[in-house]
Structures are given as structure tokens and as C-alpha cells.
file model30.tsv (TSV, C-alpha atoms and all ligand atoms)
chain	number	residue	atom	x	y	z
S	1	MET	CA	130.21	-13.39	-122.62
S	2	ALA	CA	127.28	-11.17	-121.69
S	3	PRO	CA	124.93	-12.62	-119.09
S	4	ARG	CA	121.45	-13.51	-120.33
S	5	LYS	CA	118.80	-10.99	-119.45
S	6	SER	CA	116.40	-12.09	-116.77
S	7	THR	CA	112.64	-11.90	-117.31
S	8	THR	CA	112.63	-8.90	-114.97
S	9	GLU	CA	115.10	-7.04	-117.17
S	10	ARG	CA	112.97	-7.80	-120.21
S	11	GLY	CA	109.93	-6.29	-118.52
S	12	TYR	CA	108.11	-9.55	-117.84
S	13	GLY	CA	109.29	-10.17	-114.32
S	14	TYR	CA	107.68	-10.42	-110.95
S	15	ASP	CA	105.54	-7.30	-111.34
S	16	HIS	CA	104.15	-8.46	-114.68
S	17	GLN	CA	103.25	-11.86	-113.25
S	18	LYS	CA	101.53	-10.16	-110.31
S	19	ASP	CA	99.68	-7.82	-112.68
S	20	ARG	CA	98.44	-10.81	-114.67
S	21	GLU	CA	97.31	-12.65	-111.52
S	22	TYR	CA	95.45	-9.54	-110.41
S	23	LEU	CA	93.81	-9.06	-113.82
S	24	ILE	CA	92.84	-12.74	-114.02
S	25	TYR	CA	91.42	-12.61	-110.50
S	26	ASN	CA	89.23	-9.65	-111.44
S	27	HIS	CA	88.28	-10.95	-114.88
S	28	ALA	CA	84.62	-11.63	-115.61
S	29	ASP	CA	84.39	-14.56	-118.05
S	30	GLY	CA	82.87	-13.50	-121.35
S	31	THR	CA	84.18	-9.93	-121.24
S	32	PRO	CA	84.89	-8.88	-124.85
S	33	CYS	CA	88.52	-8.65	-125.83
S	34	ASP	CA	89.59	-5.04	-126.45
S	35	TRP	CA	91.30	-6.13	-129.65
S	36	CYS	CA	89.04	-8.62	-131.47
S	37	GLY	CA	85.77	-8.13	-129.60
S	38	GLN	CA	85.36	-11.86	-128.93
S	39	PRO	CA	84.72	-13.09	-125.37
S	40	MET	CA	87.68	-13.85	-123.12
S	41	TYR	CA	87.75	-16.72	-120.66
S	42	VAL	CA	90.15	-17.66	-117.89
S	43	GLU	CA	89.96	-21.27	-119.09
S	44	PRO	CA	92.20	-21.41	-122.21
S	45	ALA	CA	90.10	-24.04	-124.01
S	46	LYS	CA	87.14	-21.63	-124.16
S	47	ASN	CA	89.10	-18.91	-125.96
S	48	PHE	CA	89.03	-18.86	-129.74
S	49	ASP	CA	92.80	-19.34	-129.85
S	50	HIS	CA	92.74	-21.92	-127.01
S	51	LYS	CA	95.49	-20.01	-125.21
S	52	PRO	CA	95.68	-18.47	-121.73
S	53	LEU	CA	94.87	-14.74	-121.59
S	54	HIS	CA	97.79	-12.35	-121.73
S	55	ALA	CA	98.36	-9.30	-119.56
S	56	ASP	CA	98.76	-6.31	-121.85
S	57	HIS	CA	99.76	-2.67	-121.64
S	58	THR	CA	97.10	-0.60	-123.38
S	59	LYS	CA	99.88	1.77	-124.39
S	60	ALA	CA	102.99	-0.18	-125.36
S	61	SER	CA	105.03	2.96	-124.81
S	62	GLU	CA	104.04	2.92	-121.13
S	63	LYS	CA	105.43	-0.57	-120.78
S	64	ALA	CA	108.78	0.71	-122.00
S	65	ALA	CA	108.54	3.41	-119.34
S	66	GLY	CA	108.02	0.80	-116.62
S	67	GLY	CA	104.21	1.01	-116.52
S	68	ARG	CA	102.05	-1.82	-115.28
S	69	ALA	CA	99.92	-4.17	-117.35
S	70	ASP	CA	96.37	-2.89	-117.21
S	71	ARG	CA	94.17	-5.29	-119.17
S	72	LEU	CA	93.85	-8.80	-120.53
S	73	LEU	CA	93.86	-9.77	-124.21
S	74	HIS	CA	93.78	-13.07	-126.07
S	75	GLU	CA	97.33	-14.29	-126.65
S	76	LEU	CA	96.81	-14.11	-130.43
S	77	CYS	CA	95.41	-10.58	-130.19
S	78	ASN	CA	98.31	-9.47	-128.04
S	79	LYS	CA	100.69	-10.76	-130.72
S	80	ARG	CA	98.72	-9.06	-133.49
S	81	LYS	CA	98.79	-5.82	-131.54
S	82	GLY	CA	102.54	-6.10	-131.22
S	83	HIS	CA	104.20	-3.00	-129.81
S	84	SER	CA	101.68	-0.54	-131.17
S	85	ASP	CA	99.90	2.01	-128.98
S	86	GLU	CA	96.57	1.31	-130.65
S	87	GLU	CA	93.94	0.61	-128.06
S	88	HIS	CA	91.60	-1.52	-130.17
S	89	GLY	CA	91.81	-3.81	-133.18
S	90	PRO	CA	89.54	-4.11	-136.23
S	91	GLY	CA	87.37	-6.80	-134.63
S	92	TRP	CA	86.57	-4.60	-131.67
S	93	TYR	CA	85.51	-1.72	-133.93
S	94	ALA	CA	83.36	-4.07	-135.99
S	95	LEU	CA	81.68	-5.31	-132.79
S	96	HIS	CA	80.88	-1.73	-131.80
S	97	GLY	CA	79.62	-0.83	-135.26
S	98	ILE	CA	82.40	1.63	-135.96
S	99	GLU	CA	83.79	1.75	-139.49
S	100	GLY	CA	87.52	2.07	-139.92
S	101	ALA	CA	87.02	5.15	-142.10
S	102	ASP	CA	85.69	7.06	-139.11
S	103	LEU	CA	88.78	6.47	-137.06
S	104	ASP	CA	91.39	9.00	-136.25
S	105	TRP	CA	94.44	6.74	-136.48
S	106	PRO	CA	96.76	5.88	-134.95
S	107	GLY	CA	95.12	6.64	-131.63
S	108	GLY	CA	92.03	4.74	-132.71
S	109	GLN	CA	89.69	7.42	-131.39
S	110	VAL	CA	86.48	8.34	-133.13
S	111	ILE	CA	86.42	12.03	-133.89
S	112	ASP	CA	83.29	14.12	-134.20
S	113	LEU	CA	83.65	15.80	-137.59
S	114	SER	CA	80.90	18.31	-136.79
S	115	GLN	CA	83.23	19.75	-134.14
S	116	CYS	CA	85.84	20.41	-136.81
S	117	LEU	CA	83.54	22.26	-139.18
S	118	THR	CA	82.30	24.97	-136.84
S	201	ZN	ZN	90.98	-11.03	-128.79
call {"tool": "encode", "arguments": {"input": "model30.tsv", "output": "C-alpha cells"}}
result
Amino acid sequence: MAPRKSTTERGYGYDHQKDREYLIYNHADGTPCDWCGQPMYVEPAKNFDHKPLHADHTKASEKAAGGRADRLLHELCNKRKGHSDEEHGPGWYALHGIEGADLDWPGGQVIDLSQCLT
């Protein structure tokens, strides 16, 4: 019988916990979530999903390569993001007044069309 994988082997071990502690320590309550644009709070009850903030890898592919978590997201937003490399979700773009049609998916970057027409 194969031994169960430890949290470290799954990529959520000691380093990930330390990353989360560091991110929480440096978190300013009310900072907008990079995914939904709603404020994030260390106290779970204040978050729209009433869950503790999750440590996330902006680029999921970097997590697979052993990269460190580099930002906080709502738990629900982290689940919605899944394993994609998209930096922001629809709510964040709405908050910043950016229409989805202007986006250069899947990177989620706004491109300047005037640069393409010269
Ligand atoms: Zn969020």
C-alpha cells in the first residue's frame, strides 16, 4: 500500500504555512482581493465568504515549480481561480472599470490596440 502523501509533498507544507503567516502579518485590512475586488480582512467573519484568507500563487504554474505563495485571496476566490494562471477575476476588472472585451486572455493583461495599428 502506497504511503499517503504529506502536506509538504502536496505543496502545502511548512513553507506554504510560513508564506501565509507572512502574508497575513503584512496584510492591511480592507485591501481589495485581486480576484473579486472586494475587501479582504484577517478576521474571517468580515469577509464576504466568512472564511479565512488563503495564500495564493499568482501564477499557478509557479506553484508547481516550487514557487512561494505571493498574495492573499478570499478562500472562495482561490477556489474559483482554481489552477489557472489568470491574475485577476471578473470582479476585479469590474472594480477597475475594465471591460472583459478589452482583455488579452488568458494573461488578463489590457493591451493598447493603438500600439498594434502603427
Ligand atoms: Zn475575493
call {"tool": "atom_distance", "arguments": {"input": "model30.tsv", "atom1": "CA of Val42 (chain S)", "atom2": "CA of Ser61 (chain S)"}}
result
26.4 Å
call {"tool": "residues_near_ligand", "arguments": {"input": "model30.tsv", "ligand": "ligand ZN 201 (chain S)", "cutoff": "7 Å", "atoms": "all atoms listed in the file", "output": "ChimeraX atom specification"}}
result
/S:33-38,73-74,76-77
call {"tool": "closest_residue", "arguments": {"input": "model30.tsv", "among": "S:His54, S:His16, S:Lys63, S:His96", "to": "Glu75 (chain S)", "atoms": "only C-alpha atoms"}}
result
S:His54
call {"tool": "closest_residue", "arguments": {"input": "model30.tsv", "among": "S:His88, S:His83, S:His57, S:Arg68", "to": "Asp19 (chain S)", "atoms": "all atoms listed in the file"}}
result
S:Arg68
call {"tool": "closest_residue", "arguments": {"input": "model30.tsv", "among": "S:Gly30, S:Asp15, S:Ala55, S:Pro39", "to": "Gly91 (chain S)", "atoms": "only C-alpha atoms"}}
result
S:Pro39
call {"tool": "atom_distance", "arguments": {"input": "model30.tsv", "atom1": "CA of Lys18 (chain S)", "atom2": "CA of Ala69 (chain S)"}}
result
9.4 Å
call {"tool": "closest_residue", "arguments": {"input": "model30.tsv", "among": "S:Glu62, S:Asp56, S:Gly13, S:Leu72", "to": "Met40 (chain S)", "atoms": "all atoms listed in the file"}}
result
S:Leu72
call {"tool": "atom_distance", "arguments": {"input": "model30.tsv", "atom1": "CA of Lys81 (chain S)", "atom2": "CA of Thr58 (chain S)"}}
result
9.8 Å
call {"tool": "closest_residue", "arguments": {"input": "model30.tsv", "among": "S:Leu23, S:Gly82, S:Leu95, S:Pro44", "to": "Lys59 (chain S)", "atoms": "all atoms listed in the file"}}
result
S:Gly82
call {"tool": "axis_aligned_box", "arguments": {"input": "model30.tsv", "around": "region 93-96 of chain S", "padding_each_side": "6 Å", "output": "lines of an AutoDock Vina configuration file"}}
result
center_x = 83.2
center_y = -3.5
center_z = -133.9
size_x = 16.6
size_y = 15.6
size_z = 16.2
call {"tool": "residues_around", "arguments": {"input": "model30.tsv", "residues": "Tyr41 (chain S)", "least_positions_apart": "4", "cutoff": "7 Å", "atoms": "all atoms listed in the file", "output": "MDAnalysis selection string"}}
result
chainID S and resid 29:30 46:47
call {"tool": "closest_residue", "arguments": {"input": "model30.tsv", "among": "S:Gly97, S:Asp49, S:Gly66, S:Tyr14", "to": "Asn78 (chain S)", "atoms": "all atoms listed in the file"}}
result
S:Asp49
call {"tool": "decode", "arguments": {"input": "model30.tsv", "residues": "region 39-69 of chain S", "atoms": "N, CA and C atoms", "output": "compact mmCIF listing (two decimals), in the first residue's frame"}}
result
# COMPACT_ATOMS: atom_id res chain seq x y z
N PRO S 39 -13.13 43.83 -0.42
CA PRO S 39 -12.09 43.95 0.62
C PRO S 39 -11.82 42.61 1.32
N MET S 40 -10.56 42.45 1.71
CA MET S 40 -10.15 41.24 2.43
C MET S 40 -9.79 41.62 3.86
N TYR S 41 -10.19 40.77 4.79
CA TYR S 41 -9.92 41.00 6.21
C TYR S 41 -9.31 39.75 6.84
N VAL S 42 -8.42 40.00 7.80
CA VAL S 42 -7.80 38.88 8.51
C VAL S 42 -8.87 38.13 9.31
N GLU S 43 -9.84 38.89 9.84
CA GLU S 43 -10.91 38.25 10.62
C GLU S 43 -11.93 37.63 9.65
N PRO S 44 -12.06 36.29 9.66
CA PRO S 44 -12.91 35.60 8.68
C PRO S 44 -14.33 36.14 8.60
N ALA S 45 -14.94 36.50 9.73
CA ALA S 45 -16.34 36.92 9.75
C ALA S 45 -16.58 38.17 8.91
N LYS S 46 -15.52 38.98 8.69
CA LYS S 46 -15.68 40.21 7.93
C LYS S 46 -15.63 39.98 6.42
N ASN S 47 -15.11 38.82 6.01
CA ASN S 47 -15.02 38.54 4.57
C ASN S 47 -16.37 38.10 4.04
N PHE S 48 -16.61 38.38 2.76
CA PHE S 48 -17.94 38.08 2.21
C PHE S 48 -18.26 36.59 2.26
N ASP S 49 -17.21 35.76 2.23
CA ASP S 49 -17.46 34.31 2.30
C ASP S 49 -17.29 33.77 3.73
N HIS S 50 -16.97 34.67 4.67
CA HIS S 50 -16.81 34.31 6.09
C HIS S 50 -15.76 33.22 6.29
N LYS S 51 -14.74 33.24 5.44
CA LYS S 51 -13.67 32.23 5.55
C LYS S 51 -12.32 32.94 5.72
N PRO S 52 -11.36 32.23 6.34
CA PRO S 52 -10.02 32.82 6.47
C PRO S 52 -9.40 33.02 5.08
N LEU S 53 -8.54 34.03 4.95
CA LEU S 53 -7.89 34.30 3.67
C LEU S 53 -6.92 33.17 3.32
N HIS S 54 -6.81 32.92 2.04
CA HIS S 54 -5.92 31.87 1.55
C HIS S 54 -4.66 32.47 0.94
N ALA S 55 -3.54 31.80 1.15
CA ALA S 55 -2.31 32.17 0.46
C ALA S 55 -2.36 31.58 -0.94
N ASP S 56 -2.09 32.42 -1.92
CA ASP S 56 -2.22 32.01 -3.32
C ASP S 56 -0.93 32.26 -4.09
N HIS S 57 -0.76 31.48 -5.15
CA HIS S 57 0.33 31.72 -6.10
C HIS S 57 -0.29 32.46 -7.29
N THR S 58 0.17 33.68 -7.54
CA THR S 58 -0.39 34.44 -8.66
C THR S 58 -0.36 33.60 -9.92
N LYS S 59 0.74 32.93 -10.16
CA LYS S 59 0.85 32.01 -11.29
C LYS S 59 0.84 30.58 -10.76
N ALA S 60 -0.25 29.87 -11.04
CA ALA S 60 -0.36 28.50 -10.54
C ALA S 60 0.79 27.64 -11.03
N SER S 61 1.29 27.95 -12.22
CA SER S 61 2.38 27.16 -12.78
C SER S 61 3.66 27.30 -11.95
N GLU S 62 3.80 28.45 -11.25
CA GLU S 62 4.98 28.64 -10.42
C GLU S 62 4.90 27.81 -9.15
N LYS S 63 3.67 27.56 -8.70
CA LYS S 63 3.49 26.70 -7.54
C LYS S 63 4.00 25.32 -7.87
N ALA S 64 3.63 24.83 -9.06
CA ALA S 64 4.06 23.50 -9.48
C ALA S 64 5.57 23.42 -9.55
N ALA S 65 6.20 24.56 -9.84
CA ALA S 65 7.66 24.60 -9.95
C ALA S 65 8.32 24.87 -8.60
N GLY S 66 7.54 24.84 -7.53
CA GLY S 66 8.10 25.02 -6.19
C GLY S 66 8.17 26.46 -5.75
N GLY S 67 7.46 27.36 -6.45
CA GLY S 67 7.46 28.78 -6.08
C GLY S 67 6.70 29.01 -4.78
N ARG S 68 6.88 30.21 -4.25
CA ARG S 68 6.26 30.55 -2.97
C ARG S 68 4.96 31.31 -3.20
N ALA S 69 4.03 31.13 -2.25
CA ALA S 69 2.78 31.90 -2.29
C ALA S 69 3.14 33.38 -2.18
